[in-house]
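File shown: target-v3.cif (mmCIF, C-alpha atoms and all ligand atoms).
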data_query
loop_
_atom_site.label_atom_id
_atom_site.label_comp_id
_atom_site.auth_asym_id
_atom_site.auth_seq_id
_atom_site.Cartn_x
_atom_site.Cartn_y
_atom_site.Cartn_z
CA MET A 1 19.04 -62.37 -17.52
CA LYS A 2 17.19 -65.33 -16.01
CA VAL A 3 14.70 -64.69 -13.21
CA TRP A 4 13.22 -67.25 -10.84
CA VAL A 5 9.41 -67.03 -10.92
CA ASN A 6 7.51 -69.43 -8.65
CA ASP A 7 8.81 -72.82 -9.73
CA ARG A 8 11.36 -72.16 -12.45
CA LEU A 9 13.86 -69.91 -14.13
CA VAL A 10 12.47 -67.89 -17.00
CA ASP A 11 13.87 -65.31 -19.32
CA GLU A 12 13.70 -61.73 -18.03
CA SER A 13 11.13 -60.88 -20.74
CA GLU A 14 8.81 -63.58 -19.38
CA ALA A 15 9.27 -62.67 -15.72
CA LYS A 16 5.87 -61.13 -15.08
CA ILE A 17 3.26 -61.15 -12.36
CA SER A 18 -0.50 -60.62 -12.47
CA VAL A 19 -2.16 -57.23 -11.96
CA PHE A 20 -4.37 -59.10 -9.45
CA ASP A 21 -1.36 -60.03 -7.33
CA HIS A 22 -1.85 -58.55 -3.87
CA GLY A 23 1.82 -57.62 -3.82
CA VAL A 24 0.96 -55.09 -6.52
CA LEU A 25 -2.55 -54.18 -5.35
CA TYR A 26 -1.70 -53.73 -1.65
CA GLY A 27 2.04 -54.09 -1.15
CA ASP A 28 1.07 -57.31 0.64
CA GLY A 29 4.28 -59.30 0.84
CA VAL A 30 7.81 -59.50 2.17
CA PHE A 31 11.27 -59.34 0.64
CA GLU A 32 15.01 -59.60 1.17
CA GLY A 33 18.02 -57.90 -0.40
CA ILE A 34 21.14 -60.05 -0.22
CA ARG A 35 24.73 -59.60 -1.41
CA VAL A 36 26.89 -62.03 -3.28
CA TYR A 37 30.61 -61.67 -2.57
CA ASN A 38 33.09 -63.81 -4.54
CA GLY A 39 30.25 -66.09 -5.66
CA LYS A 40 29.14 -66.72 -2.07
CA ILE A 41 25.73 -65.63 -0.81
CA PHE A 42 26.40 -63.39 2.20
CA GLU A 43 24.73 -64.24 5.54
CA PHE A 44 22.29 -66.38 3.60
CA GLU A 45 20.87 -68.21 6.61
CA ALA A 46 20.12 -64.97 8.46
CA HIS A 47 18.32 -63.56 5.41
CA ILE A 48 16.25 -66.73 4.96
CA LYS A 49 15.35 -66.68 8.65
CA ARG A 50 14.26 -63.03 8.46
CA LEU A 51 12.20 -63.73 5.32
CA TYR A 52 10.30 -66.59 6.94
CA GLU A 53 9.81 -64.68 10.20
CA SER A 54 8.50 -61.65 8.29
CA ALA A 55 6.08 -63.93 6.46
CA ARG A 56 4.97 -65.72 9.61
CA ALA A 57 4.27 -62.42 11.36
CA ILE A 58 1.90 -61.33 8.59
CA ARG A 59 0.36 -64.82 8.19
CA LEU A 60 1.81 -65.24 4.74
CA ASN A 61 2.38 -68.86 3.82
CA ILE A 62 5.45 -69.21 1.60
CA PHE A 63 4.68 -72.18 -0.63
CA MET A 64 8.33 -73.20 -0.85
CA SER A 65 10.35 -74.57 2.06
CA PRO A 66 13.48 -72.68 3.18
CA ASP A 67 15.62 -75.41 1.57
CA GLU A 68 13.76 -75.04 -1.71
CA ILE A 69 14.19 -71.25 -1.67
CA VAL A 70 17.90 -71.66 -0.93
CA GLU A 71 18.22 -74.02 -3.89
CA ALA A 72 16.21 -71.73 -6.20
CA THR A 73 18.38 -68.77 -5.18
CA LYS A 74 21.62 -70.63 -5.85
CA ARG A 75 20.34 -71.70 -9.26
CA THR A 76 19.38 -68.10 -10.07
CA VAL A 77 22.82 -66.81 -9.04
CA GLU A 78 24.54 -69.49 -11.13
CA ALA A 79 22.31 -69.02 -14.17
CA ASN A 80 23.32 -65.35 -14.30
CA ASN A 81 27.01 -65.89 -13.42
CA VAL A 82 26.75 -63.46 -10.55
CA ILE A 83 30.06 -63.35 -8.69
CA ASP A 84 29.71 -59.99 -6.93
CA GLY A 85 26.15 -58.82 -7.00
CA TYR A 86 22.80 -58.43 -5.36
CA ILE A 87 19.83 -60.74 -4.94
CA ARG A 88 16.28 -59.51 -4.56
CA MET A 89 13.96 -62.16 -3.18
CA VAL A 90 10.25 -61.29 -3.06
CA VAL A 91 7.25 -63.21 -1.75
CA THR A 92 3.81 -61.71 -2.26
CA ARG A 93 0.42 -62.86 -1.00
CA GLY A 94 -0.31 -64.02 -4.54
CA ILE A 95 -3.15 -63.61 -6.99
CA GLY A 96 -6.50 -62.65 -5.47
CA THR A 97 -9.48 -60.44 -6.13
CA LEU A 98 -9.81 -56.67 -5.79
CA GLY A 99 -10.82 -56.96 -2.12
CA LEU A 100 -8.33 -56.87 0.77
CA ASN A 101 -9.02 -60.45 1.87
CA PRO A 102 -5.62 -62.17 1.72
CA PHE A 103 -7.03 -65.65 2.24
CA ILE A 104 -8.60 -65.65 -1.23
CA CYS A 105 -5.06 -65.70 -2.62
CA GLU A 106 -4.42 -69.42 -2.92
CA ASN A 107 -0.70 -69.40 -3.52
CA SER A 108 2.03 -66.93 -2.67
CA THR A 109 4.04 -65.55 -5.59
CA ILE A 110 7.81 -65.93 -5.35
CA PHE A 111 10.40 -64.29 -7.51
CA ILE A 112 14.17 -64.05 -7.23
CA ILE A 113 16.39 -61.67 -9.19
CA ALA A 114 20.20 -61.91 -9.16
CA ASP A 115 21.79 -58.85 -10.68
CA ASN A 116 24.72 -56.48 -10.52
CA ILE A 117 24.65 -53.86 -7.82
CA GLN A 118 24.60 -50.09 -8.04
CA LEU A 119 27.06 -48.98 -5.39
CA TYR A 120 27.73 -45.54 -3.98
CA PRO A 121 30.94 -44.16 -5.54
CA GLU A 122 34.14 -44.93 -3.58
CA GLU A 123 34.68 -41.20 -3.13
CA LEU A 124 31.54 -40.99 -1.00
CA TYR A 125 33.01 -43.58 1.39
CA GLU A 126 36.27 -41.63 1.64
CA LYS A 127 34.70 -38.21 2.09
CA GLY A 128 31.58 -39.32 3.92
CA MET A 129 27.95 -38.62 3.19
CA LYS A 130 25.81 -35.57 3.93
CA ILE A 131 22.24 -36.29 4.93
CA ILE A 132 19.13 -34.67 6.41
CA SER A 133 16.46 -35.47 8.96
CA ALA A 134 13.18 -36.41 7.30
CA THR A 135 9.86 -35.07 8.53
CA THR A 136 8.15 -38.30 7.42
CA VAL A 137 7.80 -40.49 10.51
CA ARG A 138 8.73 -44.18 10.50
CA ASN A 139 5.84 -46.67 10.67
CA HIS A 140 4.49 -46.97 14.20
CA PRO A 141 5.93 -50.21 15.64
CA LEU A 142 2.45 -51.18 16.83
CA ALA A 143 1.14 -50.87 13.26
CA ILE A 144 3.72 -52.83 11.30
CA PRO A 145 6.37 -54.53 13.46
CA PRO A 146 9.78 -53.12 12.45
CA GLN A 147 11.12 -56.68 12.16
CA VAL A 148 8.86 -57.31 9.18
CA LYS A 149 10.64 -56.44 5.94
CA SER A 150 7.40 -55.83 4.10
CA LEU A 151 6.70 -54.56 0.60
CA ASN A 152 5.17 -51.42 2.16
CA TYR A 153 8.00 -48.89 1.78
CA LEU A 154 5.89 -45.82 1.15
CA ASN A 155 6.95 -43.93 4.27
CA ASN A 156 10.61 -44.69 3.52
CA ILE A 157 10.06 -43.55 -0.06
CA LEU A 158 8.54 -40.26 1.13
CA ALA A 159 11.59 -39.73 3.35
CA LYS A 160 13.87 -40.58 0.41
CA ILE A 161 12.07 -37.93 -1.66
CA GLU A 162 12.81 -35.40 1.09
CA ALA A 163 16.50 -36.38 0.91
CA LEU A 164 16.61 -36.12 -2.88
CA ASP A 165 14.89 -32.71 -2.73
CA TYR A 166 17.89 -31.59 -0.64
CA ASN A 167 20.32 -33.20 -3.09
CA VAL A 168 21.50 -35.75 -0.52
CA PRO A 169 21.23 -39.54 -0.89
CA GLU A 170 19.76 -40.45 2.50
CA ALA A 171 17.52 -39.20 5.29
CA ILE A 172 17.14 -40.15 8.94
CA MET A 173 13.65 -41.18 9.96
CA TYR A 174 12.42 -40.62 13.51
CA ASN A 175 9.64 -42.53 15.20
CA HIS A 176 6.35 -41.20 16.55
CA GLU A 177 8.13 -40.23 19.80
CA GLY A 178 10.92 -38.38 18.05
CA PHE A 179 13.59 -41.03 18.62
CA VAL A 180 15.87 -42.08 15.78
CA ALA A 181 14.49 -45.14 13.95
CA GLU A 182 16.71 -45.68 10.90
CA ALA A 183 17.65 -44.25 7.53
CA THR A 184 15.39 -44.97 4.53
CA GLY A 185 17.27 -48.18 3.71
CA ASP A 186 20.00 -48.45 6.35
CA ASN A 187 20.52 -48.72 10.10
CA VAL A 188 22.00 -45.93 12.20
CA PHE A 189 25.06 -45.94 14.45
CA ILE A 190 26.89 -43.17 16.31
CA VAL A 191 30.12 -43.12 18.28
CA ARG A 192 30.58 -41.00 21.40
CA ASN A 193 33.65 -41.23 23.66
CA ASN A 194 34.63 -44.46 21.88
CA ILE A 195 31.30 -46.15 22.69
CA ILE A 196 29.01 -47.19 19.83
CA TYR A 197 25.28 -46.53 20.10
CA THR A 198 22.48 -47.78 17.86
CA PRO A 199 18.70 -47.50 18.25
CA PRO A 200 16.87 -50.63 19.47
CA VAL A 201 14.59 -52.45 17.04
CA GLN A 202 11.56 -51.26 19.02
CA ALA A 203 12.42 -47.67 18.10
CA GLY A 204 11.34 -48.68 14.59
CA SER A 205 14.48 -50.06 13.01
CA LEU A 206 14.65 -53.13 10.88
CA PRO A 207 16.98 -55.67 12.53
CA GLY A 208 19.50 -55.30 9.73
CA ILE A 209 21.71 -58.24 8.88
CA THR A 210 24.61 -55.82 8.32
CA ARG A 211 23.79 -54.18 11.67
CA THR A 212 24.22 -57.54 13.45
CA VAL A 213 27.46 -58.31 11.60
CA VAL A 214 28.87 -54.86 12.42
CA ILE A 215 27.86 -55.10 16.10
CA ASN A 216 29.68 -58.44 16.33
CA LEU A 217 32.76 -57.12 14.54
CA ALA A 218 32.83 -54.09 16.87
CA LYS A 219 32.62 -56.31 19.95
CA LYS A 220 35.47 -58.45 18.57
CA GLU A 221 37.53 -55.25 18.43
CA GLY A 222 36.81 -54.72 22.12
CA LEU A 223 34.41 -51.85 21.46
CA GLU A 224 31.31 -51.40 23.58
CA VAL A 225 28.00 -51.36 21.69
CA ILE A 226 24.87 -50.04 23.40
CA GLU A 227 21.34 -50.25 21.99
CA MET A 228 19.64 -47.09 23.18
CA ASN A 229 17.05 -44.56 22.08
CA LEU A 230 18.78 -41.69 20.31
CA THR A 231 17.53 -38.18 19.67
CA ARG A 232 18.29 -35.69 16.93
CA PHE A 233 20.61 -33.97 19.44
CA ASP A 234 22.62 -37.18 19.92
CA LEU A 235 23.24 -37.32 16.16
CA TYR A 236 24.24 -33.63 16.05
CA VAL A 237 26.90 -33.97 18.76
CA ALA A 238 28.23 -37.44 17.85
CA ASP A 239 31.99 -37.89 17.39
CA GLU A 240 31.23 -40.27 14.52
CA PHE A 241 28.11 -41.32 12.68
CA PHE A 242 27.68 -44.15 10.19
CA LEU A 243 25.00 -46.18 8.43
CA THR A 244 24.95 -49.91 7.71
CA GLY A 245 23.02 -51.88 5.12
CA THR A 246 23.30 -54.64 2.56
CA ALA A 247 23.99 -52.26 -0.33
CA ALA A 248 25.85 -49.46 1.51
CA GLU A 249 27.81 -51.81 3.86
CA VAL A 250 29.36 -49.27 6.29
CA ILE A 251 29.28 -45.62 5.24
CA GLY A 252 30.35 -42.59 7.28
CA ILE A 253 28.05 -39.59 7.74
CA VAL A 254 29.83 -36.25 7.98
CA GLU A 255 26.96 -33.80 8.01
CA ILE A 256 23.29 -33.84 9.03
CA ASP A 257 20.91 -30.87 8.84
CA ASN A 258 23.92 -28.62 8.17
CA ARG A 259 25.69 -29.72 11.37
CA THR A 260 29.19 -31.10 10.80
CA ILE A 261 29.87 -34.42 12.52
CA GLY A 262 33.24 -34.62 14.31
CA ASP A 263 35.93 -33.05 12.15
CA GLY A 264 33.90 -33.46 8.96
CA LYS A 265 35.56 -36.71 7.85
CA PRO A 266 34.65 -40.36 8.50
CA GLY A 267 36.19 -41.16 11.89
CA PRO A 268 38.56 -43.94 13.01
CA VAL A 269 35.89 -46.30 14.37
CA THR A 270 33.88 -45.99 11.15
CA LYS A 271 36.98 -46.71 9.05
CA LEU A 272 38.00 -49.64 11.24
CA LEU A 273 34.56 -51.22 10.99
CA ARG A 274 34.38 -50.63 7.25
CA ASP A 275 37.73 -52.43 6.85
CA ARG A 276 36.72 -55.27 9.16
CA PHE A 277 33.43 -55.62 7.32
CA PHE A 278 35.23 -55.82 3.98
CA GLU A 279 37.53 -58.55 5.33
CA TYR A 280 34.58 -60.46 6.76
CA ALA A 281 32.60 -60.25 3.51
CA HIS A 282 35.47 -60.93 1.10
CA GLY A 283 37.62 -63.14 3.31
CA LYS A 284 40.59 -60.80 2.69
CA GLY A 285 41.77 -57.23 3.22
CA ARG A 286 41.10 -54.31 0.94
CA GLU A 287 43.68 -53.43 -1.74
CA ARG A 288 44.70 -49.82 -1.49
N1 LIG A 301 16.42 -50.50 7.26
C1 LIG A 301 15.67 -50.58 6.15
C2 LIG A 301 14.39 -49.85 6.08
C3 LIG A 301 16.11 -51.37 5.07
O1 LIG A 301 15.37 -51.46 3.97
C4 LIG A 301 17.33 -52.07 5.17
C5 LIG A 301 17.78 -52.96 4.05
N2 LIG A 301 18.04 -52.27 2.87
C6 LIG A 301 18.09 -51.91 6.33
C7 LIG A 301 17.59 -51.15 7.37
C8 LIG A 301 19.41 -52.61 6.49
O2 LIG A 301 19.21 -53.99 6.63
P1 LIG A 301 20.24 -55.05 6.04
O3 LIG A 301 21.55 -54.80 6.70
O4 LIG A 301 19.65 -56.37 6.40
O5 LIG A 301 20.32 -54.81 4.57
#

Mind converting the file's structure to structure tokens?
Ligand code: PMP
Amino acid sequence: MKVWVNDRLVDESEAKISVFDHGVLYGDGVFEGIRVYNGKIFEFEAHIKRLYESARAIRLNIFMSPDEIVEATKRTVEANNVIDGYIRMVVTRGIGTLGLNPFICENSTIFIIADNIQLYPEELYEKGMKIISATTVRNHPLAIPPQVKSLNYLNNILAKIEALDYNVPEAIMYNHEGFVAEATGDNVFIVRNNIIYTPPVQAGSLPGITRTVVINLAKKEGLEVIEMNLTRFDLYVADEFFLTGTAAEVIGIVEIDNRTIGDGKPGPVTKLLRDRFFEYAHGKGRER
């Protein structure tokens, strides 16, 4: 595999960064996870915009221009013959000293990996996923803005550990006020009386690219989508419940904290949006 590191493609074995990189020392950096469908980079512009906005918000100067990053990404995808896969794009503060001071780091570090993707098994999409509520609270929005896709994932990782301890793949994270924020790597949606609800970004959810695509697809179907604070109770009594994210796409939730959602199977709105998402991403319908 070839990996883009700073200004060129190198062999995987040479793709290394310094132990003095503040991305490693402090998780000081930002990243994106992007899908490739049929050789095309999905929602590329939106991902690039989010990357640069994340960086701007934390005063991280990306030494490449958006056009240069786009070009480097395309070259990385091509060099690895990725047709259907996943891109991880990371920008760290760069090499500094052992102190926190980010301004000592002269140049950001950039690396881009284009690889295959580990997907949930198809059966999980058909049957739906069981999850739990995590006790780990999502970052306070006044500490790290939820719009910043930073390299600090420790609270999400702690919530993921809670999920894995319960033998489920995902956990819902609540914010400091007890409202639903998001899952550890996905956004949250519920359906009640044919209306779709999702927490607002200010509740502590990353403005997911998949979330935006799904909201637009739902509206195209004539469905109403409302951004509103949701409680644990709202999840428990939802008719349908699903998560969205770059890797998971649209996946139905059928149980949370031992409460069955709806009739215990992914519901019609979830299935419709999963199908519409597939068509949007692949430019064609799903073969059954
Ligand atoms: N929330 C978190 C914490 C995430 O890491 C992600 C991305 N994996 C998402 C939501 C979903 O965002 P996107 O649709 O842009 O992948």

Between atom CA of Gly264 of chain A and atom CA of Glu123 of chain A - distance in Å to one decimal: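 Taking atom CA of Glu123 of chain A as the start and atom CA of Gly264 of chain A as the end point, the length is 14.4 Å.
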
List all protein, DNA and RNA residues that have any atom at most 9 Å from ligand LIG 301 (chain A), counting all atoms listed in the file, and write the list as a PDB file with C-alpha atoms, keeping the file's coordinate frame.
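This is the output file pocket11.pdb:
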ATOM      1  CA  GLU A  32      15.010 -59.600   1.170  1.00  0.00           C
ATOM      2  CA  GLY A  33      18.020 -57.900  -0.400  1.00  0.00           C
ATOM      3  CA  ILE A  34      21.140 -60.050  -0.220  1.00  0.00           C
ATOM      4  CA  ARG A  35      24.730 -59.600  -1.410  1.00  0.00           C
ATOM      5  CA  ALA A  46      20.120 -64.970   8.460  1.00  0.00           C
ATOM      6  CA  HIS A  47      18.320 -63.560   5.410  1.00  0.00           C
ATOM      7  CA  ARG A  50      14.260 -63.030   8.460  1.00  0.00           C
ATOM      8  CA  PRO A 146       9.780 -53.120  12.450  1.00  0.00           C
ATOM      9  CA  LYS A 149      10.640 -56.440   5.940  1.00  0.00           C
ATOM     10  CA  TYR A 153       8.000 -48.890   1.780  1.00  0.00           C
ATOM     11  CA  ASN A 156      10.610 -44.690   3.520  1.00  0.00           C
ATOM     12  CA  ALA A 181      14.490 -45.140  13.950  1.00  0.00           C
ATOM     13  CA  GLU A 182      16.710 -45.680  10.900  1.00  0.00           C
ATOM     14  CA  ALA A 183      17.650 -44.250   7.530  1.00  0.00           C
ATOM     15  CA  THR A 184      15.390 -44.970   4.530  1.00  0.00           C
ATOM     16  CA  GLY A 185      17.270 -48.180   3.710  1.00  0.00           C
ATOM     17  CA  ASP A 186      20.000 -48.450   6.350  1.00  0.00           C
ATOM     18  CA  ASN A 187      20.520 -48.720  10.100  1.00  0.00           C
ATOM     19  CA  VAL A 188      22.000 -45.930  12.200  1.00  0.00           C
ATOM     20  CA  SER A 205      14.480 -50.060  13.010  1.00  0.00           C
ATOM     21  CA  LEU A 206      14.650 -53.130  10.880  1.00  0.00           C
ATOM     22  CA  PRO A 207      16.980 -55.670  12.530  1.00  0.00           C
ATOM     23  CA  GLY A 208      19.500 -55.300   9.730  1.00  0.00           C
ATOM     24  CA  ILE A 209      21.710 -58.240   8.880  1.00  0.00           C
ATOM     25  CA  THR A 210      24.610 -55.820   8.320  1.00  0.00           C
ATOM     26  CA  ARG A 211      23.790 -54.180  11.670  1.00  0.00           C
ATOM     27  CA  THR A 212      24.220 -57.540  13.450  1.00  0.00           C
ATOM     28  CA  VAL A 213      27.460 -58.310  11.600  1.00  0.00           C
ATOM     29  CA  LEU A 243      25.000 -46.180   8.430  1.00  0.00           C
ATOM     30  CA  THR A 244      24.950 -49.910   7.710  1.00  0.00           C
ATOM     31  CA  GLY A 245      23.020 -51.880   5.120  1.00  0.00           C
ATOM     32  CA  THR A 246      23.300 -54.640   2.560  1.00  0.00           C
ATOM     33  CA  ALA A 247      23.990 -52.260  -0.330  1.00  0.00           C
ATOM     34  CA  ALA A 248      25.850 -49.460   1.510  1.00  0.00           C
ATOM     35  CA  GLU A 249      27.810 -51.810   3.860  1.00  0.00           C
TER      36      GLU A 249
END

The distance between atom CA of Met173 of chain A and atom CA of Lys130 of chain A is 14.7 Å

What does the distance between atom CA of Gln118 of chain A and atom CA of Val82 of chain A come to in Å, to one decimal place?
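Computing the Euclidean distance for atom CA of Gln118 of chain A and atom CA of Val82 of chain A yields 13.8 Å.
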
Top pick for closest residue to Val201 of chain A, considering A:Pro141, A:Pro169, A:Gly178, A:Pro268 and counting all atoms listed in the file: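 Closest residue, counting all atoms listed in the file: A:Pro141.
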
Of A:Phe44, A:Tyr125, A:Phe277, A:Tyr166, the one sitting nearest Glu71 of chain A when using all atoms listed in the file is A:Phe44

Please list as JSON, numbers by chain every residue within 9 Å of Thr97 of chain A, counting only C-alpha atoms and excluding residues in the same chain fewer than 4 positions away. {"A": [20, 21, 22, 101, 102, 104, 105]}

Using all atoms listed in the file, what does the table of segment 74-149 of chain A residues within 12 Å of segment 228-239 of chain A look like, with each row giving the shortest atom pair and its distance in Å to one decimal, sorted by chain and ascending number, as a Markdown table?
| residue | atom | partner | partner_atom | distance |
| --- | --- | --- | --- | --- |
| A:Ile131 | CA | A:Leu235 | CA | 11.3 |
| A:Ile132 | CA | A:Arg232 | CA | 10.6 |
| A:Ser133 | CA | A:Arg232 | CA | 8.2 |
| A:Ala134 | CA | A:Arg232 | CA | 10.9 |
| A:Thr135 | CA | A:Arg232 | CA | 11.9 |

### Task
Give the answer as one residue: which of A:Leu60, A:Ile195, A:Leu223, A:Ala55 has the shortest atom-to-atom distance to Asn107 of chain A, using all atoms listed in the file?
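That would be A:Leu60, the residue with the smallest distance to Asn107 of chain A.
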
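In terms of minimum interatomic distance to Lys271 of chain A, A:Lys127 ranks closest within A:Lys220, A:Arg192, A:Arg259, A:Lys127, counting only C-alpha atoms.
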
Counting all atoms listed in the file, closest pick from A:Ile251, A:Ile95, A:Val5, A:Leu272 relative to Met129 of chain A is A:Ile251

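For the set A:Ala171, A:Leu124, A:Val269, A:Val191, the residue with the smallest atom-to-atom gap to Leu217 of chain A is A:Val269, counting all atoms listed in the file.
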